Amino acid sequence: MARTVEIERHSGFCGGVIRAIGTAEAYLDAHPGRRLHSLGAIVHNEAELERLAAKGLVTIRHEDIPTLSAAGAGTVLIRAHGEPPASYKMLSDAGLEVVDCTCPVVLKLQEDIRAAHARLAEDDGKLVIFGKVGHAEVLGLLGQVDGDALVLERPDQLETALREGRLRTDRPVEVFSQTTKSPVEYAELCRRIQGAVNAPVTVHRTICSQVASRHEQLAAFAAAHDTILFVSGSTSSNGKVLYDLCRSVNPRARHISSETEIRPEWFGPGERVGICGATSTPRWLLEKVAEAVRTLPE
């Protein structure tokens with residue numbers, strides 16, 4: 001029987017990334033010869049960043065903003081991850097035009113976090129964010145409340161926070177998650193907080209529904225194939241979460257960034273090979289990987 005290769009149909013860019021990249025491409029098409037500056041990588045995928053750079057999208061850091069202003073190099077894109085209020089002020093003070101592509105799901109989360117922080121201030125409560133320390137989305141969320149929140153990356157970090165007094169058990173708590181975190185781990189963290197805190201605990205469902213549904217779909221896909229190639233950029237937070245999920249279901253899951261990393265010895269004759277990726281992985285890259293596997297000798 002011949003080897004079969006299947007791309008998981010739900011893999012590829014999430015809605016927020018599609019919107020941001022589409023907006024960037026439309027701007028560059030409408031302004032030939034001009035550059036558009038993205039404040040941070042518009043997507044955590046090296047191959048897609050190279051494609052967009054060829055069109056004129058330049059990734060910059062916050063410290064580059066004064067240089068852009070001095071050069072009169074005018075337009076900055078806010079990516080889907082969002083930014084704290086301080087970034088908008090910095091761009092405004094520099095006189096730069098802003099193209100805001102913050103994901104609507106992230107915008108709603110920022111708004112809800114501000115409201116929760118205001119409620120908690122009345123009872124000296126604590127805001128908890130389940131997210132990756134230093135991640136752009138998490139920095140944007142912290143900026144909504146001047147950094148006054150406890151960020152936990154893993155459920156097992158709760159015990160340390162309690163022991164060090166960074167989370168009190170006699171004060172109300174409201175819990176939010178970065179939109180791309182694992183639903184299973186978030187549920188576990190919330191369970192632990194509810195078991196440890198003697199005051200009211202409010203849990204908010206803030207993982208993107210598109211991301212949350214992918215976990216169940218991806219687990220089923222990984223189990224249905226002999227070998228899995230998970231494709232994502234090396235800096236993708238969502239990619240790490242989803243690859244770990246694939247690996248837990250199928251020990252023969254392998255993580256690659258592009259088709260150039262494929263090794264023929266990974267595959268046997270007649271195997272079912274599954275190709276999947278993160279919410280930051282472009283569909284065209286998944287297609288290239290699938291085609292590379294199809295052309296391997298049996």
# chains A, B, ... in the order shown; residues from 1 in each chain; ligands from 1

call {"tool": "residues_around", "arguments": {"residues": "stretch 294-298 of chain A", "least_positions_apart": "6", "cutoff": "8 Å", "atoms": "only C-alpha atoms", "output": "list in words"}}
result
Ala2, Arg3, Thr4, Val5, Pro264, Gly268, Pro269 and Gly270 of chain A

call {"tool": "residues_around", "arguments": {"residues": "stretch 247-254 of chain A", "least_positions_apart": "3", "cutoff": "6 Å", "atoms": "only C-alpha atoms", "output": "ChimeraX atom specification"}}
result
/A:222-223,227-230,244

call {"tool": "write_last_selection", "arguments": {"atoms": "C-alpha atoms", "output": "tab-separated table (two decimals), in the first residue's frame"}}
result
chain	number	residue	atom	x	y	z
A	222	ALA	CA	-2.46	12.90	15.66
A	223	ALA	CA	-3.94	9.62	16.87
A	227	THR	CA	3.73	9.82	11.75
A	228	ILE	CA	3.00	13.49	12.40
A	229	LEU	CA	4.95	16.46	11.07
A	230	PHE	CA	4.08	19.54	13.11
A	244	ASP	CA	3.41	19.09	22.88

call {"tool": "closest_atom_pairs", "arguments": {"of": "stretch 154-231 of chain A", "to": "stretch 108-122 of chain A", "cutoff": "10 Å", "atoms": "only C-alpha atoms", "output": "CSV"}}
result
residue,atom,partner,partner_atom,distance
A:Arg171,CA,A:Leu120,CA,9.0
A:Pro172,CA,A:Leu120,CA,7.0
A:Val173,CA,A:Leu120,CA,7.5
A:Glu174,CA,A:Ala116,CA,7.0
A:Val175,CA,A:Ala116,CA,9.3
A:Phe176,CA,A:Ile113,CA,7.8
A:Ser177,CA,A:Leu109,CA,9.0
A:Gln178,CA,A:Leu109,CA,8.7
A:Thr179,CA,A:Leu109,CA,8.4
A:Thr202,CA,A:Ala116,CA,9.6
A:His204,CA,A:Asp112,CA,9.2
A:Arg205,CA,A:Leu109,CA,9.7
A:Thr206,CA,A:Leu109,CA,6.8
A:Ile207,CA,A:Leu109,CA,9.5
A:Cys208,CA,A:Leu109,CA,10.0

call {"tool": "residues_around", "arguments": {"residues": "stretch 81-98 of chain A", "least_positions_apart": "5", "cutoff": "7 Å", "atoms": "only C-alpha atoms", "output": "VMD selection string"}}
result
chain A and resid 66 69 74 to 76 103 106 136 to 137 139 to 141 143 to 144

call {"tool": "write_last_selection", "arguments": {"atoms": "C-alpha atoms", "output": "mmCIF file, in the first residue's frame"}}
result
data_model
loop_
_atom_site.group_PDB
_atom_site.id
_atom_site.type_symbol
_atom_site.label_atom_id
_atom_site.label_comp_id
_atom_site.auth_asym_id
_atom_site.auth_seq_id
_atom_site.Cartn_x
_atom_site.Cartn_y
_atom_site.Cartn_z
ATOM 1 C CA PRO A 66 12.253 57.490 17.711
ATOM 2 C CA SER A 69 10.036 59.536 13.658
ATOM 3 C CA GLY A 74 5.620 57.192 8.847
ATOM 4 C CA THR A 75 3.407 54.075 9.281
ATOM 5 C CA VAL A 76 3.474 51.433 12.007
ATOM 6 C CA CYS A 103 -7.290 40.849 17.192
ATOM 7 C CA VAL A 106 -7.572 40.301 22.352
ATOM 8 C CA ALA A 136 3.583 40.198 23.429
ATOM 9 C CA GLU A 137 -0.076 39.534 24.244
ATOM 10 C CA LEU A 139 2.697 42.407 27.962
ATOM 11 C CA GLY A 140 -0.258 44.134 26.330
ATOM 12 C CA LEU A 141 -2.589 42.785 29.018
ATOM 13 C CA GLY A 143 -0.082 47.291 30.342
ATOM 14 C CA GLN A 144 -3.842 47.719 30.778
#

call {"tool": "closest_residue", "arguments": {"among": "A:Asp226, A:Glu259, A:Asp123, A:Glu25", "to": "A:Arg272", "atoms": "only C-alpha atoms"}}
result
A:Asp226

call {"tool": "decode", "arguments": {"residues": "stretch 67-189 of chain A", "atoms": "C-alpha atoms", "output": "PDB file, in the first residue's frame"}}
result
ATOM      1  CA  THR A  67      14.473  56.632  14.739  1.00  0.00           C
ATOM      2  CA  LEU A  68      11.438  56.224  12.476  1.00  0.00           C
ATOM      3  CA  SER A  69      10.036  59.536  13.658  1.00  0.00           C
ATOM      4  CA  ALA A  70      13.312  61.353  12.988  1.00  0.00           C
ATOM      5  CA  ALA A  71      13.483  59.855   9.494  1.00  0.00           C
ATOM      6  CA  GLY A  72       9.872  60.758   8.707  1.00  0.00           C
ATOM      7  CA  ALA A  73       9.210  57.105   7.912  1.00  0.00           C
ATOM      8  CA  GLY A  74       5.620  57.192   8.847  1.00  0.00           C
ATOM      9  CA  THR A  75       3.407  54.075   9.281  1.00  0.00           C
ATOM     10  CA  VAL A  76       3.474  51.433  12.007  1.00  0.00           C
ATOM     11  CA  LEU A  77       1.285  48.338  12.205  1.00  0.00           C
ATOM     12  CA  ILE A  78       0.088  47.000  15.567  1.00  0.00           C
ATOM     13  CA  ARG A  79      -0.070  43.226  15.167  1.00  0.00           C
ATOM     14  CA  ALA A  80      -2.831  40.871  16.321  1.00  0.00           C
ATOM     15  CA  HIS A  81      -1.175  40.307  19.733  1.00  0.00           C
ATOM     16  CA  GLY A  82      -2.040  43.865  20.785  1.00  0.00           C
ATOM     17  CA  GLU A  83      -0.006  46.470  22.668  1.00  0.00           C
ATOM     18  CA  PRO A  84      -0.179  48.255  26.032  1.00  0.00           C
ATOM     19  CA  PRO A  85      -1.415  51.878  26.167  1.00  0.00           C
ATOM     20  CA  ALA A  86       2.184  53.081  26.540  1.00  0.00           C
ATOM     21  CA  SER A  87       2.971  51.916  23.003  1.00  0.00           C
ATOM     22  CA  TYR A  88       0.125  53.945  21.520  1.00  0.00           C
ATOM     23  CA  LYS A  89       1.314  57.017  23.408  1.00  0.00           C
ATOM     24  CA  MET A  90       4.862  56.487  22.170  1.00  0.00           C
ATOM     25  CA  LEU A  91       3.667  56.241  18.565  1.00  0.00           C
ATOM     26  CA  SER A  92       1.405  59.269  18.939  1.00  0.00           C
ATOM     27  CA  ASP A  93       4.174  61.357  20.507  1.00  0.00           C
ATOM     28  CA  ALA A  94       6.442  60.382  17.609  1.00  0.00           C
ATOM     29  CA  GLY A  95       3.847  61.571  15.094  1.00  0.00           C
ATOM     30  CA  LEU A  96       3.603  58.177  13.396  1.00  0.00           C
ATOM     31  CA  GLU A  97       0.546  56.865  11.588  1.00  0.00           C
ATOM     32  CA  VAL A  98      -0.889  53.664  13.136  1.00  0.00           C
ATOM     33  CA  VAL A  99      -2.569  50.729  11.423  1.00  0.00           C
ATOM     34  CA  ASP A 100      -4.157  48.835  14.327  1.00  0.00           C
ATOM     35  CA  CYS A 101      -4.592  45.105  13.676  1.00  0.00           C
ATOM     36  CA  THR A 102      -5.135  43.983  17.266  1.00  0.00           C
ATOM     37  CA  CYS A 103      -7.290  40.849  17.192  1.00  0.00           C
ATOM     38  CA  PRO A 104     -10.881  41.636  18.300  1.00  0.00           C
ATOM     39  CA  VAL A 105     -10.669  38.740  20.776  1.00  0.00           C
ATOM     40  CA  VAL A 106      -7.572  40.301  22.352  1.00  0.00           C
ATOM     41  CA  LEU A 107      -9.191  43.766  22.408  1.00  0.00           C
ATOM     42  CA  LYS A 108     -12.164  42.332  24.317  1.00  0.00           C
ATOM     43  CA  LEU A 109      -9.783  40.598  26.737  1.00  0.00           C
ATOM     44  CA  GLN A 110      -7.917  43.867  27.365  1.00  0.00           C
ATOM     45  CA  GLU A 111     -11.217  45.606  28.103  1.00  0.00           C
ATOM     46  CA  ASP A 112     -12.358  42.843  30.471  1.00  0.00           C
ATOM     47  CA  ILE A 113      -9.051  42.895  32.346  1.00  0.00           C
ATOM     48  CA  ARG A 114      -9.318  46.652  32.931  1.00  0.00           C
ATOM     49  CA  ALA A 115     -12.851  46.206  34.287  1.00  0.00           C
ATOM     50  CA  ALA A 116     -11.828  43.300  36.544  1.00  0.00           C
ATOM     51  CA  HIS A 117      -8.890  45.249  37.924  1.00  0.00           C
ATOM     52  CA  ALA A 118     -11.197  48.118  38.833  1.00  0.00           C
ATOM     53  CA  ARG A 119     -13.580  45.718  40.619  1.00  0.00           C
ATOM     54  CA  LEU A 120     -10.787  44.000  42.538  1.00  0.00           C
ATOM     55  CA  ALA A 121      -9.328  47.308  43.713  1.00  0.00           C
ATOM     56  CA  GLU A 122     -12.404  47.797  45.901  1.00  0.00           C
ATOM     57  CA  ASP A 123     -11.548  44.690  47.998  1.00  0.00           C
ATOM     58  CA  ASP A 124      -7.764  44.607  47.527  1.00  0.00           C
ATOM     59  CA  GLY A 125      -8.201  41.509  45.345  1.00  0.00           C
ATOM     60  CA  LYS A 126      -5.799  40.034  42.798  1.00  0.00           C
ATOM     61  CA  LEU A 127      -5.837  39.658  39.038  1.00  0.00           C
ATOM     62  CA  VAL A 128      -4.234  36.425  37.779  1.00  0.00           C
ATOM     63  CA  ILE A 129      -3.184  35.937  34.145  1.00  0.00           C
ATOM     64  CA  PHE A 130      -2.328  32.479  32.849  1.00  0.00           C
ATOM     65  CA  GLY A 131       0.201  33.222  30.127  1.00  0.00           C
ATOM     66  CA  LYS A 132       3.773  33.157  28.933  1.00  0.00           C
ATOM     67  CA  VAL A 133       5.960  35.702  30.718  1.00  0.00           C
ATOM     68  CA  GLY A 134       7.269  38.237  28.208  1.00  0.00           C
ATOM     69  CA  HIS A 135       4.853  37.216  25.440  1.00  0.00           C
ATOM     70  CA  ALA A 136       3.583  40.198  23.429  1.00  0.00           C
ATOM     71  CA  GLU A 137      -0.076  39.534  24.244  1.00  0.00           C
ATOM     72  CA  VAL A 138       0.671  39.186  27.958  1.00  0.00           C
ATOM     73  CA  LEU A 139       2.697  42.407  27.962  1.00  0.00           C
ATOM     74  CA  GLY A 140      -0.258  44.134  26.330  1.00  0.00           C
ATOM     75  CA  LEU A 141      -2.589  42.785  29.018  1.00  0.00           C
ATOM     76  CA  LEU A 142      -0.287  43.831  31.857  1.00  0.00           C
ATOM     77  CA  GLY A 143      -0.082  47.291  30.342  1.00  0.00           C
ATOM     78  CA  GLN A 144      -3.842  47.719  30.778  1.00  0.00           C
ATOM     79  CA  VAL A 145      -3.390  47.596  34.568  1.00  0.00           C
ATOM     80  CA  ASP A 146       0.079  49.120  34.986  1.00  0.00           C
ATOM     81  CA  GLY A 147       1.557  45.684  35.629  1.00  0.00           C
ATOM     82  CA  ASP A 148      -0.642  45.010  38.671  1.00  0.00           C
ATOM     83  CA  ALA A 149      -1.344  41.314  38.039  1.00  0.00           C
ATOM     84  CA  LEU A 150       0.149  37.923  38.831  1.00  0.00           C
ATOM     85  CA  VAL A 151       1.305  36.058  35.708  1.00  0.00           C
ATOM     86  CA  LEU A 152       1.591  32.270  35.937  1.00  0.00           C
ATOM     87  CA  GLU A 153       2.968  30.187  33.064  1.00  0.00           C
ATOM     88  CA  ARG A 154       2.117  26.768  34.519  1.00  0.00           C
ATOM     89  CA  PRO A 155      -0.402  25.452  37.071  1.00  0.00           C
ATOM     90  CA  ASP A 156       2.390  24.197  39.340  1.00  0.00           C
ATOM     91  CA  GLN A 157       3.668  27.757  39.829  1.00  0.00           C
ATOM     92  CA  LEU A 158       0.622  28.542  41.969  1.00  0.00           C
ATOM     93  CA  GLU A 159       2.089  26.908  45.074  1.00  0.00           C
ATOM     94  CA  THR A 160       5.183  29.124  44.911  1.00  0.00           C
ATOM     95  CA  ALA A 161       3.055  32.246  44.469  1.00  0.00           C
ATOM     96  CA  LEU A 162       0.985  31.304  47.519  1.00  0.00           C
ATOM     97  CA  ARG A 163       4.043  30.518  49.615  1.00  0.00           C
ATOM     98  CA  GLU A 164       5.703  33.821  48.704  1.00  0.00           C
ATOM     99  CA  GLY A 165       2.528  35.798  49.464  1.00  0.00           C
ATOM    100  CA  ARG A 166       2.084  37.025  45.871  1.00  0.00           C
ATOM    101  CA  LEU A 167      -1.449  35.609  45.983  1.00  0.00           C
ATOM    102  CA  ARG A 168      -3.447  35.878  49.201  1.00  0.00           C
ATOM    103  CA  THR A 169      -6.071  33.294  50.046  1.00  0.00           C
ATOM    104  CA  ASP A 170      -8.341  35.712  51.928  1.00  0.00           C
ATOM    105  CA  ARG A 171      -8.938  38.166  49.070  1.00  0.00           C
ATOM    106  CA  PRO A 172     -11.063  37.823  45.891  1.00  0.00           C
ATOM    107  CA  VAL A 173      -9.360  36.641  42.712  1.00  0.00           C
ATOM    108  CA  GLU A 174     -10.271  36.968  39.033  1.00  0.00           C
ATOM    109  CA  VAL A 175      -8.498  34.663  36.570  1.00  0.00           C
ATOM    110  CA  PHE A 176      -7.893  35.233  32.851  1.00  0.00           C
ATOM    111  CA  SER A 177      -5.883  33.341  30.244  1.00  0.00           C
ATOM    112  CA  GLN A 178      -3.746  34.418  27.313  1.00  0.00           C
ATOM    113  CA  THR A 179      -5.900  33.601  24.273  1.00  0.00           C
ATOM    114  CA  THR A 180      -3.598  30.857  22.915  1.00  0.00           C
ATOM    115  CA  LYS A 181      -2.859  28.810  26.044  1.00  0.00           C
ATOM    116  CA  SER A 182      -3.825  25.185  26.633  1.00  0.00           C
ATOM    117  CA  PRO A 183      -7.470  24.823  27.778  1.00  0.00           C
ATOM    118  CA  VAL A 184      -6.539  21.736  29.812  1.00  0.00           C
ATOM    119  CA  GLU A 185      -3.765  23.527  31.706  1.00  0.00           C
ATOM    120  CA  TYR A 186      -5.962  26.584  32.249  1.00  0.00           C
ATOM    121  CA  ALA A 187      -8.718  24.415  33.731  1.00  0.00           C
ATOM    122  CA  GLU A 188      -6.153  22.800  36.021  1.00  0.00           C
ATOM    123  CA  LEU A 189      -4.824  26.165  37.222  1.00  0.00           C
TER     124      LEU A 189
END
